[in-house]
>>> print(open('structure_21.pdb').read())   # PDB, C-alpha atoms and all ligand atoms
ATOM      1  CA  MET A   1    -110.817  61.947 -91.857
ATOM      2  CA  GLY A   2    -108.747  61.005 -94.851
ATOM      3  CA  LEU A   3    -107.982  58.081 -97.065
ATOM      4  CA  GLU A   4    -106.254  56.142 -94.296
ATOM      5  CA  HIS A   5    -109.386  56.157 -92.152
ATOM      6  CA  ASP A   6    -111.492  55.046 -95.105
ATOM      7  CA  LEU A   7    -109.066  52.284 -96.043
ATOM      8  CA  ARG A   8    -109.171  51.046 -92.465
ATOM      9  CA  HIS A   9    -112.886  50.355 -92.900
ATOM     10  CA  ALA A  10    -112.900  49.331 -96.543
ATOM     11  CA  ILE A  11    -112.991  45.602 -95.829
ATOM     12  CA  GLU A  12    -116.026  45.539 -93.559
ATOM     13  CA  ARG A  13    -117.788  48.072 -95.748
ATOM     14  CA  GLU A  14    -117.269  45.667 -98.630
ATOM     15  CA  GLU A  15    -115.634  48.262-100.854
ATOM     16  CA  LEU A  16    -112.772  45.989-101.860
ATOM     17  CA  GLU A  17    -112.907  43.591-104.737
ATOM     18  CA  ILE A  18    -110.375  41.288-106.302
ATOM     19  CA  TYR A  19    -109.903  41.327-110.065
ATOM     20  CA  TYR A  20    -108.302  38.370-111.796
ATOM     21  CA  GLN A  21    -105.949  38.697-114.758
ATOM     22  CA  PRO A  22    -105.426  35.454-116.682
ATOM     23  CA  ILE A  23    -101.910  34.149-117.316
ATOM     24  CA  VAL A  24    -101.794  32.090-120.498
ATOM     25  CA  ASP A  25     -99.671  28.992-121.090
ATOM     26  CA  LEU A  26     -98.371  29.345-124.650
ATOM     27  CA  GLU A  27     -97.667  25.600-124.910
ATOM     28  CA  THR A  28    -101.333  24.705-124.436
ATOM     29  CA  GLY A  29    -103.061  27.984-125.209
ATOM     30  CA  LEU A  30    -104.954  27.607-121.943
ATOM     31  CA  VAL A  31    -105.217  29.834-118.904
ATOM     32  CA  SER A  32    -102.829  28.474-116.302
ATOM     33  CA  LYS A  33    -103.587  30.839-113.450
ATOM     34  CA  ALA A  34    -104.754  34.344-112.694
ATOM     35  CA  GLU A  35    -103.067  37.184-110.866
ATOM     36  CA  ALA A  36    -105.222  38.542-108.040
ATOM     37  CA  LEU A  37    -105.309  42.340-108.190
ATOM     38  CA  LEU A  38    -106.977  44.383-105.499
ATOM     39  CA  ARG A  39    -109.520  47.060-106.415
ATOM     40  CA  TRP A  40    -111.061  49.675-104.140
ATOM     41  CA  GLU A  41    -114.313  51.403-104.964
ATOM     42  CA  HIS A  42    -114.434  54.387-102.617
ATOM     43  CA  PRO A  43    -118.000  55.583-101.835
ATOM     44  CA  THR A  44    -117.325  59.190-102.850
ATOM     45  CA  ARG A  45    -113.968  59.223-104.643
ATOM     46  CA  GLY A  46    -114.769  56.307-106.907
ATOM     47  CA  LYS A  47    -112.015  53.940-107.941
ATOM     48  CA  VAL A  48    -108.806  54.511-106.023
ATOM     49  CA  PRO A  49    -105.874  52.956-107.905
ATOM     50  CA  PRO A  50    -103.678  50.414-106.098
ATOM     51  CA  TYR A  51    -100.574  52.530-106.668
ATOM     52  CA  GLU A  52    -102.205  55.028-104.298
ATOM     53  CA  PHE A  53    -103.684  52.832-101.600
ATOM     54  CA  ILE A  54    -101.146  49.977-101.484
ATOM     55  CA  PRO A  55     -98.289  52.320-100.465
ATOM     56  CA  LEU A  56    -100.642  53.937 -97.932
ATOM     57  CA  ALA A  57    -101.517  50.517 -96.553
ATOM     58  CA  GLU A  58     -97.828  49.720 -96.299
ATOM     59  CA  GLU A  59     -96.925  52.940 -94.508
ATOM     60  CA  THR A  60     -99.719  52.547 -91.982
ATOM     61  CA  GLY A  61     -99.438  48.834 -91.380
ATOM     62  CA  LEU A  62    -102.902  48.187 -92.795
ATOM     63  CA  ILE A  63    -101.249  46.003 -95.425
ATOM     64  CA  ALA A  64    -101.169  43.124 -92.925
ATOM     65  CA  LYS A  65    -104.952  42.957 -92.628
ATOM     66  CA  LEU A  66    -105.535  43.820 -96.270
ATOM     67  CA  GLY A  67    -103.028  41.250 -97.451
ATOM     68  CA  GLU A  68    -104.608  38.497 -95.380
ATOM     69  CA  TRP A  69    -108.020  39.406 -96.721
ATOM     70  CA  VAL A  70    -106.692  39.113-100.285
ATOM     71  CA  LEU A  71    -105.061  35.758 -99.552
ATOM     72  CA  TYR A  72    -108.154  34.175 -97.987
ATOM     73  CA  THR A  73    -110.558  35.670-100.523
ATOM     74  CA  ALA A  74    -108.522  34.775-103.622
ATOM     75  CA  ALA A  75    -107.769  31.266-102.335
ATOM     76  CA  GLN A  76    -111.429  30.696-101.463
ATOM     77  CA  GLN A  77    -112.566  31.839-104.899
ATOM     78  CA  THR A  78    -109.980  29.688-106.669
ATOM     79  CA  SER A  79    -110.922  26.670-104.583
ATOM     80  CA  ILE A  80    -114.590  27.147-105.490
ATOM     81  CA  TRP A  81    -113.686  27.411-109.181
ATOM     82  CA  GLN A  82    -111.509  24.301-108.945
ATOM     83  CA  THR A  83    -114.287  22.284-107.322
ATOM     84  CA  ARG A  84    -116.915  23.525-109.755
ATOM     85  CA  THR A  85    -114.967  23.132-113.010
ATOM     86  CA  ASN A  86    -112.238  20.639-112.181
ATOM     87  CA  LEU A  87    -109.859  22.873-114.185
ATOM     88  CA  PRO A  88    -106.335  23.229-112.789
ATOM     89  CA  ILE A  89    -106.436  27.023-112.800
ATOM     90  CA  GLY A  90    -104.376  28.590-110.029
ATOM     91  CA  VAL A  91    -104.099  32.001-108.458
ATOM     92  CA  SER A  92    -101.118  34.263-107.940
ATOM     93  CA  VAL A  93    -101.231  36.690-105.019
ATOM     94  CA  ASN A  94     -98.954  39.724-104.597
ATOM     95  CA  VAL A  95     -97.160  39.806-101.273
ATOM     96  CA  SER A  96     -95.300  43.024-100.566
ATOM     97  CA  THR A  97     -92.032  43.263 -98.727
ATOM     98  CA  HIS A  98     -93.749  45.281 -96.008
ATOM     99  CA  GLN A  99     -96.224  42.467 -95.507
ATOM    100  CA  LEU A 100     -93.479  39.949 -94.883
ATOM    101  CA  LYS A 101     -91.646  42.352 -92.620
ATOM    102  CA  ARG A 102     -94.827  42.821 -90.656
ATOM    103  CA  GLY A 103     -94.793  39.135 -90.001
ATOM    104  CA  LEU A 104     -96.955  37.345 -92.533
ATOM    105  CA  SER A 105     -96.351  33.917 -91.105
ATOM    106  CA  THR A 106     -96.066  30.621 -92.893
ATOM    107  CA  ALA A 107     -98.716  29.438 -90.399
ATOM    108  CA  THR A 108    -101.111  31.930 -91.967
ATOM    109  CA  ILE A 109    -100.400  30.531 -95.421
ATOM    110  CA  ALA A 110    -100.973  27.021 -94.059
ATOM    111  CA  ASP A 111    -104.251  28.207 -92.542
ATOM    112  CA  VAL A 112    -105.325  29.759 -95.848
ATOM    113  CA  LEU A 113    -104.863  26.357 -97.507
ATOM    114  CA  GLN A 114    -106.584  24.526 -94.674
ATOM    115  CA  THR A 115    -109.543  26.899 -94.471
ATOM    116  CA  THR A 116    -110.178  27.142 -98.202
ATOM    117  CA  GLN A 117    -109.178  23.571 -99.093
ATOM    118  CA  LEU A 118    -107.230  24.946-102.069
ATOM    119  CA  SER A 119    -104.633  22.557-103.489
ATOM    120  CA  PRO A 120    -101.282  24.112-102.530
ATOM    121  CA  GLU A 121     -99.845  23.930-106.047
ATOM    122  CA  LEU A 122    -102.678  26.182-107.224
ATOM    123  CA  LEU A 123    -101.420  29.008-105.021
ATOM    124  CA  SER A 124     -98.469  31.212-106.033
ATOM    125  CA  LEU A 125     -97.040  34.102-104.082
ATOM    126  CA  GLU A 126     -95.489  37.011-106.001
ATOM    127  CA  ILE A 127     -92.557  38.576-104.220
ATOM    128  CA  THR A 128     -90.548  41.543-105.490
ATOM    129  CA  GLU A 129     -86.800  41.464-105.880
ATOM    130  CA  SER A 130     -86.101  43.871-103.049
ATOM    131  CA  LEU A 131     -87.014  41.232-100.485
ATOM    132  CA  LEU A 132     -84.755  38.673-102.076
ATOM    133  CA  MET A 133     -81.896  41.104-101.689
ATOM    134  CA  GLU A 134     -82.101  40.581 -97.967
ATOM    135  CA  ASP A 135     -80.964  37.028 -97.880
ATOM    136  CA  THR A 136     -81.035  36.673 -94.145
ATOM    137  CA  VAL A 137     -81.425  33.223 -92.630
ATOM    138  CA  ALA A 138     -84.971  34.069 -91.460
ATOM    139  CA  ASN A 139     -85.914  35.157 -94.944
ATOM    140  CA  ILE A 140     -84.576  32.050 -96.630
ATOM    141  CA  GLN A 141     -86.256  29.836 -94.030
ATOM    142  CA  TRP A 142     -89.596  31.527 -94.721
ATOM    143  CA  PHE A 143     -89.258  30.660 -98.399
ATOM    144  CA  HIS A 144     -88.340  27.060 -97.689
ATOM    145  CA  LYS A 145     -91.329  26.641 -95.382
ATOM    146  CA  ILE A 146     -93.608  27.998 -98.094
ATOM    147  CA  LYS A 147     -92.108  25.483-100.514
ATOM    148  CA  GLU A 148     -92.686  22.681 -98.011
ATOM    149  CA  LEU A 149     -96.370  23.587 -98.004
ATOM    150  CA  GLY A 150     -96.358  23.016-101.766
ATOM    151  CA  VAL A 151     -97.065  26.645-102.624
ATOM    152  CA  LYS A 152     -95.294  28.216-105.650
ATOM    153  CA  LEU A 153     -93.060  31.258-105.483
ATOM    154  CA  SER A 154     -92.657  33.909-108.165
ATOM    155  CA  ILE A 155     -90.335  36.891-108.453
ATOM    156  CA  ASP A 156     -92.399  39.856-109.551
ATOM    157  CA  ASP A 157     -91.174  42.827-111.626
ATOM    158  CA  PHE A 158     -87.936  41.010-112.376
ATOM    159  CA  GLY A 159     -85.166  43.260-113.597
ATOM    160  CA  THR A 160     -86.300  46.445-111.892
ATOM    161  CA  GLY A 161     -84.740  45.886-108.471
ATOM    162  CA  TYR A 162     -81.111  45.937-107.511
ATOM    163  CA  SER A 163     -79.561  43.317-109.646
ATOM    164  CA  SER A 164     -77.484  41.019-107.614
ATOM    165  CA  LEU A 165     -78.427  37.723-109.142
ATOM    166  CA  SER A 166     -76.902  35.568-106.444
ATOM    167  CA  TYR A 167     -80.275  35.339-104.688
ATOM    168  CA  LEU A 168     -81.619  33.290-107.591
ATOM    169  CA  LYS A 169     -79.668  30.277-106.422
ATOM    170  CA  ARG A 170     -80.295  30.745-102.716
ATOM    171  CA  PHE A 171     -84.067  31.043-102.776
ATOM    172  CA  PRO A 172     -86.313  28.159-103.846
ATOM    173  CA  LEU A 173     -88.186  29.938-106.638
ATOM    174  CA  ASP A 174     -90.533  28.616-109.323
ATOM    175  CA  PHE A 175     -91.445  31.526-111.601
ATOM    176  CA  LEU A 176     -89.755  34.663-112.799
ATOM    177  CA  LYS A 177     -92.001  37.454-114.058
ATOM    178  CA  ILE A 178     -90.213  39.744-116.529
ATOM    179  CA  ASP A 179     -91.220  43.306-115.797
ATOM    180  CA  ARG A 180     -93.475  44.826-118.386
ATOM    181  CA  SER A 181     -91.093  47.711-119.109
ATOM    182  CA  PHE A 182     -88.764  45.238-120.864
ATOM    183  CA  ILE A 183     -91.600  43.692-122.844
ATOM    184  CA  ARG A 184     -92.903  47.107-123.853
ATOM    185  CA  ASP A 185     -89.563  48.116-125.338
ATOM    186  CA  SER A 186     -88.511  44.719-126.662
ATOM    187  CA  ILE A 187     -89.832  45.538-130.122
ATOM    188  CA  GLY A 188     -87.741  48.305-131.578
ATOM    189  CA  LYS A 189     -85.107  48.636-128.909
ATOM    190  CA  GLN A 190     -82.247  46.226-129.458
ATOM    191  CA  GLU A 191     -81.044  46.567-125.855
ATOM    192  CA  ASP A 192     -84.378  45.520-124.383
ATOM    193  CA  ALA A 193     -84.739  42.656-126.826
ATOM    194  CA  SER A 194     -81.303  41.430-125.736
ATOM    195  CA  LEU A 195     -82.237  41.717-122.081
ATOM    196  CA  VAL A 196     -85.430  39.723-122.550
ATOM    197  CA  LYS A 197     -83.491  37.028-124.443
ATOM    198  CA  ALA A 198     -80.848  36.876-121.744
ATOM    199  CA  ILE A 199     -83.393  36.724-118.912
ATOM    200  CA  ILE A 200     -85.242  33.827-120.554
ATOM    201  CA  ALA A 201     -82.013  31.931-121.244
ATOM    202  CA  MET A 202     -80.855  32.434-117.668
ATOM    203  CA  ALA A 203     -84.206  31.374-116.223
ATOM    204  CA  ASN A 204     -84.194  28.217-118.340
ATOM    205  CA  GLY A 205     -80.728  27.385-117.064
ATOM    206  CA  LEU A 206     -81.936  27.816-113.483
ATOM    207  CA  LYS A 207     -85.093  25.751-114.081
ATOM    208  CA  LEU A 208     -87.292  28.758-113.443
ATOM    209  CA  LYS A 209     -90.401  29.206-115.532
ATOM    210  CA  VAL A 210     -90.824  32.593-117.149
ATOM    211  CA  ILE A 211     -93.930  34.745-117.211
ATOM    212  CA  ALA A 212     -93.768  37.784-119.506
ATOM    213  CA  GLU A 213     -95.840  40.641-118.125
ATOM    214  CA  GLY A 214     -97.520  43.433-120.021
ATOM    215  CA  VAL A 215     -97.811  41.733-123.412
ATOM    216  CA  GLU A 216     -99.854  44.158-125.466
ATOM    217  CA  THR A 217     -99.133  43.388-129.131
ATOM    218  CA  GLN A 218     -98.872  40.479-131.500
ATOM    219  CA  GLU A 219     -95.250  41.405-132.324
ATOM    220  CA  GLN A 220     -94.345  41.062-128.670
ATOM    221  CA  LEU A 221     -96.114  37.728-128.490
ATOM    222  CA  ILE A 222     -94.316  36.365-131.568
ATOM    223  CA  PHE A 223     -90.986  37.542-130.189
ATOM    224  CA  LEU A 224     -91.642  35.823-126.846
ATOM    225  CA  HIS A 225     -92.891  32.671-128.514
ATOM    226  CA  GLN A 226     -89.688  32.441-130.588
ATOM    227  CA  LEU A 227     -87.705  32.660-127.373
ATOM    228  CA  ARG A 228     -89.785  29.814-125.898
ATOM    229  CA  CYS A 229     -91.203  31.943-123.136
ATOM    230  CA  GLN A 230     -93.900  29.678-121.707
ATOM    231  CA  TYR A 231     -96.296  32.044-119.936
ATOM    232  CA  VAL A 232     -97.682  35.426-120.928
ATOM    233  CA  GLN A 233     -99.868  37.967-119.203
ATOM    234  CA  GLY A 234    -101.116  41.225-120.648
ATOM    235  CA  PHE A 235    -103.781  43.296-122.289
ATOM    236  CA  TYR A 236    -103.186  41.555-125.652
ATOM    237  CA  PHE A 237    -104.896  38.550-124.088
ATOM    238  CA  PHE A 238    -106.921  39.721-121.114
ATOM    239  CA  LYS A 239    -107.263  42.647-118.777
ATOM    240  CA  PRO A 240    -107.827  42.050-115.080
ATOM    241  CA  MET A 241    -111.513  41.128-114.706
ATOM    242  CA  SER A 242    -114.204  40.727-112.086
ATOM    243  CA  VAL A 243    -115.251  37.320-110.746
ATOM    244  CA  LYS A 244    -118.348  37.416-112.934
ATOM    245  CA  ASP A 245    -116.369  38.183-116.081
ATOM    246  CA  PHE A 246    -113.765  35.551-115.230
ATOM    247  CA  GLU A 247    -116.492  32.944-114.929
ATOM    248  CA  ARG A 248    -118.158  34.049-118.156
ATOM    249  CA  ASN A 249    -115.094  34.703-120.314
ATOM    250  CA  ILE A 250    -112.598  32.166-119.018
ATOM    251  CA  LEU A 251    -114.164  29.287-117.104
ATOM    252  CA  ALA A 252    -117.195  28.869-119.346
ATOM    253  CA  LYS A 253    -114.964  28.684-122.431
ATOM    254  CA  HIS A 254    -112.459  26.104-121.242
TER     255      HIS A 254
HETATM  256  O1  LIG B 301    -103.680  46.161-111.002
HETATM  257  P1  LIG B 301    -102.695  47.283-111.065
HETATM  258  O2  LIG B 301    -101.793  47.438-112.246
HETATM  259  O3  LIG B 301    -103.418  48.581-110.953
HETATM  260  O4  LIG B 301    -101.778  47.146-109.778
HETATM  261  C1  LIG B 301    -100.869  48.103-109.456
HETATM  262  C2  LIG B 301     -99.900  47.582-108.416
HETATM  263  O5  LIG B 301    -100.594  47.247-107.213
HETATM  264  C3  LIG B 301     -99.148  46.358-108.870
HETATM  265  O6  LIG B 301     -97.790  46.566-108.647
HETATM  266  C4  LIG B 301     -99.656  45.265-107.988
HETATM  267  O7  LIG B 301     -98.624  44.363-107.679
HETATM  268  C5  LIG B 301    -100.138  45.995-106.759
HETATM  269  N1  LIG B 301    -101.192  45.207-106.123
HETATM  270  C6  LIG B 301    -102.403  44.934-106.608
HETATM  271  N2  LIG B 301    -103.100  44.126-105.766
HETATM  272  C7  LIG B 301    -102.273  43.887-104.719
HETATM  273  C8  LIG B 301    -102.394  43.112-103.516
HETATM  274  O8  LIG B 301    -103.376  42.436-103.253
HETATM  275  N3  LIG B 301    -101.331  43.127-102.662
HETATM  276  C9  LIG B 301    -100.195  43.834-102.923
HETATM  277  N4  LIG B 301     -99.215  43.796-102.027
HETATM  278  N5  LIG B 301    -100.040  44.556-104.052
HETATM  279  C10 LIG B 301    -101.065  44.582-104.941
HETATM  280  O1  LIG B 302     -96.473  45.024-110.237
HETATM  281  P1  LIG B 302     -97.394  43.999-110.747
HETATM  282  O2  LIG B 302     -96.735  43.124-111.755
HETATM  283  O3  LIG B 302     -98.075  43.164-109.706
HETATM  284  O4  LIG B 302     -98.502  44.777-111.561
HETATM  285  C1  LIG B 302     -99.539  44.157-112.201
HETATM  286  C2  LIG B 302    -100.238  45.276-112.910
HETATM  287  O5  LIG B 302     -99.909  45.304-114.304
HETATM  288  C3  LIG B 302    -101.732  45.165-112.824
HETATM  289  O6  LIG B 302    -102.223  46.288-112.214
HETATM  290  C4  LIG B 302    -102.208  45.141-114.229
HETATM  291  O7  LIG B 302    -103.352  45.953-114.412
HETATM  292  C5  LIG B 302    -101.042  45.711-115.015
HETATM  293  N1  LIG B 302    -100.996  45.134-116.344
HETATM  294  C6  LIG B 302    -101.269  43.862-116.687
HETATM  295  N2  LIG B 302    -101.134  43.659-118.003
HETATM  296  C7  LIG B 302    -100.782  44.839-118.542
HETATM  297  C8  LIG B 302    -100.501  45.267-119.872
HETATM  298  O8  LIG B 302    -100.540  44.527-120.841
HETATM  299  N3  LIG B 302    -100.150  46.575-120.029
HETATM  300  C9  LIG B 302    -100.077  47.448-118.974
HETATM  301  N4  LIG B 302     -99.725  48.692-119.239
HETATM  302  N5  LIG B 302    -100.334  47.075-117.709
HETATM  303  C10 LIG B 302    -100.679  45.778-117.484
HETATM  304 MN    MN B 303     -97.634  41.136-109.649
HETATM  305 NA    NA B 304     -94.982  42.906-112.074
END
>>> encode(input="structure_21.pdb", output="C-alpha cells", more="lines below")
Ligand code: G
Ligand code: G
Ligand code: MN
Ligand code: NA
Amino acid sequence: MGLEHDLRHAIEREELEIYYQPIVDLETGLVSKAEALLRWEHPTRGKVPPYEFIPLAEETGLIAKLGEWVLYTAAQQTSIWQTRTNLPIGVSVNVSTHQLKRGLSTATIADVLQTTQLSPELLSLEITESLLMEDTVANIQWFHKIKELGVKLSIDDFGTGYSSLSYLKRFPLDFLKIDRSFIRDSIGKQEDASLVKAIIAMANGLKLKVIAEGVETQEQLIFLHQLRCQYVQGFYFFKPMSVKDFERNILAKH
C-alpha cells in the first residue's frame, strides 16, 4: 500500500497538523491573520511536503475530506484564540480548484461558521487564479454566496496563472496575494520591480487589499512599504508555526 492509502487514513490517525504563518499589517505592525498550512507527519517517511500530498489528494478526490478537515480545524482554532484573547486575528485557508470542482458547498462554509462560532470576517478563503478563469455563472454565484456569509476572498499566487484580468471585476474579491516569485526578484530585477508596482497600483484602483508573499529581506520590505503595500507574509517576519508556537510567539506578545 502506498502514499494514497496512508493519506486516506492520515486524519483519523492524527498525523495531520495545521501550521499557521502570520500575515503582518504594515500600517499597525500587528498580525492581522495567519495562513493555515497543512503538514503531514508520516509514521515511517517523516514529513511529507504539501507539494507531494496535496496533488495526490486532488487526483484521488481525498482533497474533499482533507479540505473540510482543514476548514473546520483552522476555524475552530481561530475561534478559540479569538475568544481567549479578544484579538481580531483571522485565518486564511487555501481552497484548491479541485476542491471547488468536487463540490465544496457554500452550505459547508456556513456550517463551519455555525459549528465553530467564528466571526465570518475572520475567515478568508484563498483561491488560485485558474478557478477565476472559469467565470461560469455557477462559479460567480458561489463567490457571491461566500461574500453574503461575510467571509473574505483572496486570490492566491497572483500573477502566475493565465492573465486575463477581466475576472477581477466580475468576482467579489477582497485580497490579492502577489506571488512570491515576483517579490523574490523585485530587488535587482527592474522588470519584476515594475510588475510589483503595477500590481499594487491596479489593486488599489480596484479596492483590493494587497498581501505580498515570500518577503525574506529588509530590502524587499522597504520596497513594499514605499509602494504602500499593506500586508506582508514571509520568512523575514515569521515562518509557518505550530499552534503552540503561535500562542507563545504571537498571541502572548500582542
Ligand atoms: O506550506 P508550504 O509552502 O509547504 O505549502 C505548499 C503548497 O501547499 C502551497 O501552495 C499551499 O497553498 C499548499 N497547501 C498547504 N496547505 C493546504 C491546504 O490546507 N489546502 C490546500 N488546498 N493547499 C494547501
Ligand atoms: O501557494 P501558497 O501561497 O499557498 O504557498 C504558501 C507557501 O509559501 C507555504 O508553504 C510557505 O511555507 C511558503 N512561504 C511562506 N513564506 C515564504 C518565504 O518567505 N519564502 C519562501 N521561500 N517560502 C515561503
Ligand atoms: Mn496560499
Ligand atoms: Na501563494
>>> residues_near_ligand(input="structure_21.pdb", ligand="ligand LIG 302 (chain B)", cutoff="10 Å", atoms="all atoms listed in the file", output="NGL selection string")
:A and (19-23 or 35-39 or 49-51 or 92-96 or 126-128 or 155-158 or 177-181 or 183-184 or 212-217 or 232-241)
>>> resolve_selection(input="structure_21.pdb", expression="the PyMOL selection byres (((chain A and resi 71) around 9) and not hetatm)", output="list in words")
Ala36, Leu66, Gly67, Glu68, Trp69, Val70, Tyr72, Thr73, Ala74, Ala75, Gln76, Val93, Asn94, Ile109 and Val112 of chain A
>>> closest_residue(input="structure_21.pdb", among="A:Leu62, A:Leu125, A:Leu176, A:Leu30", to="A:Ile89", atoms="all atoms listed in the file")
A:Leu30
>>> atom_distance(input="structure_21.pdb", atom1="atom CA of A:Glu59", atom2="atom CA of A:Phe143")
23.9 Å
>>> resolve_selection(input="structure_21.pdb", expression="the PyMOL selection byres (((chain A and resi 187) around 12) and not hetatm)", output="PyMOL selection string")
chain A and resi 181-186+188-196+215-224
>>> closest_residue(input="structure_21.pdb", among="A:Tyr231, A:Asp245, A:Pro88, A:Ser79", to="A:Glu27", atoms="all atoms listed in the file")
A:Tyr231
>>> closest_residue(input="structure_21.pdb", among="A:Asn204, A:Ser32, A:Thr44, A:Thr160", to="ligand NA 304 (chain B)", atoms="all atoms listed in the file")
A:Thr160
>>> atom_distance(input="structure_21.pdb", atom1="atom CA of A:Glu15", atom2="atom CA of A:Thr115")
23.1 Å
>>> atom_distance(input="structure_21.pdb", atom1="atom CA of A:Leu168", atom2="atom CA of A:Thr108")
25.0 Å
>>> resolve_selection(input="structure_21.pdb", expression="the PyMOL selection byres (((chain A and resi 4-8) around 10) and not hetatm)", output="list in words")
Met1, Gly2, Leu3, His9, Ala10, Ile11, Glu12, Arg13, Glu15, Leu16, Trp40, His42, Pro43, Phe53, Ile54, Leu56, Ala57, Glu59, Thr60, Leu62, Ile63, Lys65 and Leu66 of chain A
>>> closest_residue(input="structure_21.pdb", among="A:Lys152, A:Thr85, A:Ser166, A:Gly159", to="A:Leu251", atoms="all atoms listed in the file")
A:Thr85
>>> closest_residue(input="structure_21.pdb", among="A:Trp142, A:Trp81, A:Tyr167, A:Phe175", to="A:Ile211", atoms="only C-alpha atoms")
A:Phe175
>>> axis_aligned_box(input="structure_21.pdb", around="stretch 20-28 of chain A", padding_each_side="6 Å", output="lines of an AutoDock Vina configuration file")
center_x = -103.0
center_y = 31.7
center_z = -118.4
size_x = 22.6
size_y = 26.0
size_z = 25.1
>>> closest_residue(input="structure_21.pdb", among="A:Gln82, A:Val137, A:Lys197, A:Leu149", to="A:Gln114", atoms="all atoms listed in the file")
A:Leu149
>>> decode(input="structure_21.pdb", residues="stretch 131-147 of chain A", atoms="N, CA and C atoms", output="mmCIF file, in the first residue's frame")
data_model
loop_
_atom_site.group_PDB
_atom_site.id
_atom_site.type_symbol
_atom_site.label_atom_id
_atom_site.label_comp_id
_atom_site.auth_asym_id
_atom_site.auth_seq_id
_atom_site.Cartn_x
_atom_site.Cartn_y
_atom_site.Cartn_z
ATOM 1 N N LEU A 131 -9.064 29.115 -11.145
ATOM 2 C CA LEU A 131 -10.506 28.973 -10.968
ATOM 3 C C LEU A 131 -11.256 30.200 -11.467
ATOM 4 N N LEU A 132 -10.631 31.356 -11.242
ATOM 5 C CA LEU A 132 -11.288 32.596 -11.636
ATOM 6 C C LEU A 132 -11.362 32.735 -13.157
ATOM 7 N N MET A 133 -10.511 31.956 -13.836
ATOM 8 C CA MET A 133 -10.551 31.978 -15.284
ATOM 9 C C MET A 133 -11.837 31.365 -15.818
ATOM 10 N N GLU A 134 -12.420 30.511 -15.006
ATOM 11 C CA GLU A 134 -13.672 29.882 -15.446
ATOM 12 C C GLU A 134 -14.830 30.681 -14.880
ATOM 13 N N ASP A 135 -15.135 31.767 -15.545
ATOM 14 C CA ASP A 135 -16.160 32.618 -14.945
ATOM 15 C C ASP A 135 -17.558 32.192 -15.391
ATOM 16 N N THR A 136 -17.873 30.961 -15.036
ATOM 17 C CA THR A 136 -19.210 30.461 -15.301
ATOM 18 C C THR A 136 -20.179 31.064 -14.281
ATOM 19 N N VAL A 137 -21.441 31.031 -14.606
ATOM 20 C CA VAL A 137 -22.456 31.584 -13.704
ATOM 21 C C VAL A 137 -22.394 30.882 -12.344
ATOM 22 N N ALA A 138 -22.249 29.555 -12.349
ATOM 23 C CA ALA A 138 -22.206 28.797 -11.090
ATOM 24 C C ALA A 138 -21.033 29.237 -10.225
ATOM 25 N N ASN A 139 -19.916 29.452 -10.879
ATOM 26 C CA ASN A 139 -18.714 29.891 -10.185
ATOM 27 C C ASN A 139 -18.903 31.247 -9.523
ATOM 28 N N ILE A 140 -19.426 32.176 -10.297
ATOM 29 C CA ILE A 140 -19.609 33.541 -9.784
ATOM 30 C C ILE A 140 -20.631 33.548 -8.657
ATOM 31 N N GLN A 141 -21.671 32.717 -8.803
ATOM 32 C CA GLN A 141 -22.684 32.630 -7.735
ATOM 33 C C GLN A 141 -22.082 32.110 -6.436
ATOM 34 N N TRP A 142 -21.193 31.124 -6.569
ATOM 35 C CA TRP A 142 -20.526 30.556 -5.383
ATOM 36 C C TRP A 142 -19.804 31.665 -4.636
ATOM 37 N N PHE A 143 -19.079 32.487 -5.365
ATOM 38 C CA PHE A 143 -18.331 33.584 -4.749
ATOM 39 C C PHE A 143 -19.263 34.586 -4.068
ATOM 40 N N HIS A 144 -20.358 34.897 -4.725
ATOM 41 C CA HIS A 144 -21.284 35.865 -4.128
ATOM 42 C C HIS A 144 -21.931 35.316 -2.857
ATOM 43 N N LYS A 145 -22.208 34.020 -2.858
ATOM 44 C CA LYS A 145 -22.787 33.419 -1.641
ATOM 45 C C LYS A 145 -21.793 33.451 -0.488
ATOM 46 N N ILE A 146 -20.530 33.213 -0.808
ATOM 47 C CA ILE A 146 -19.484 33.286 0.219
ATOM 48 C C ILE A 146 -19.411 34.705 0.792
ATOM 49 N N LYS A 147 -19.489 35.687 -0.107
ATOM 50 C CA LYS A 147 -19.478 37.083 0.335
ATOM 51 C C LYS A 147 -20.664 37.397 1.220
#
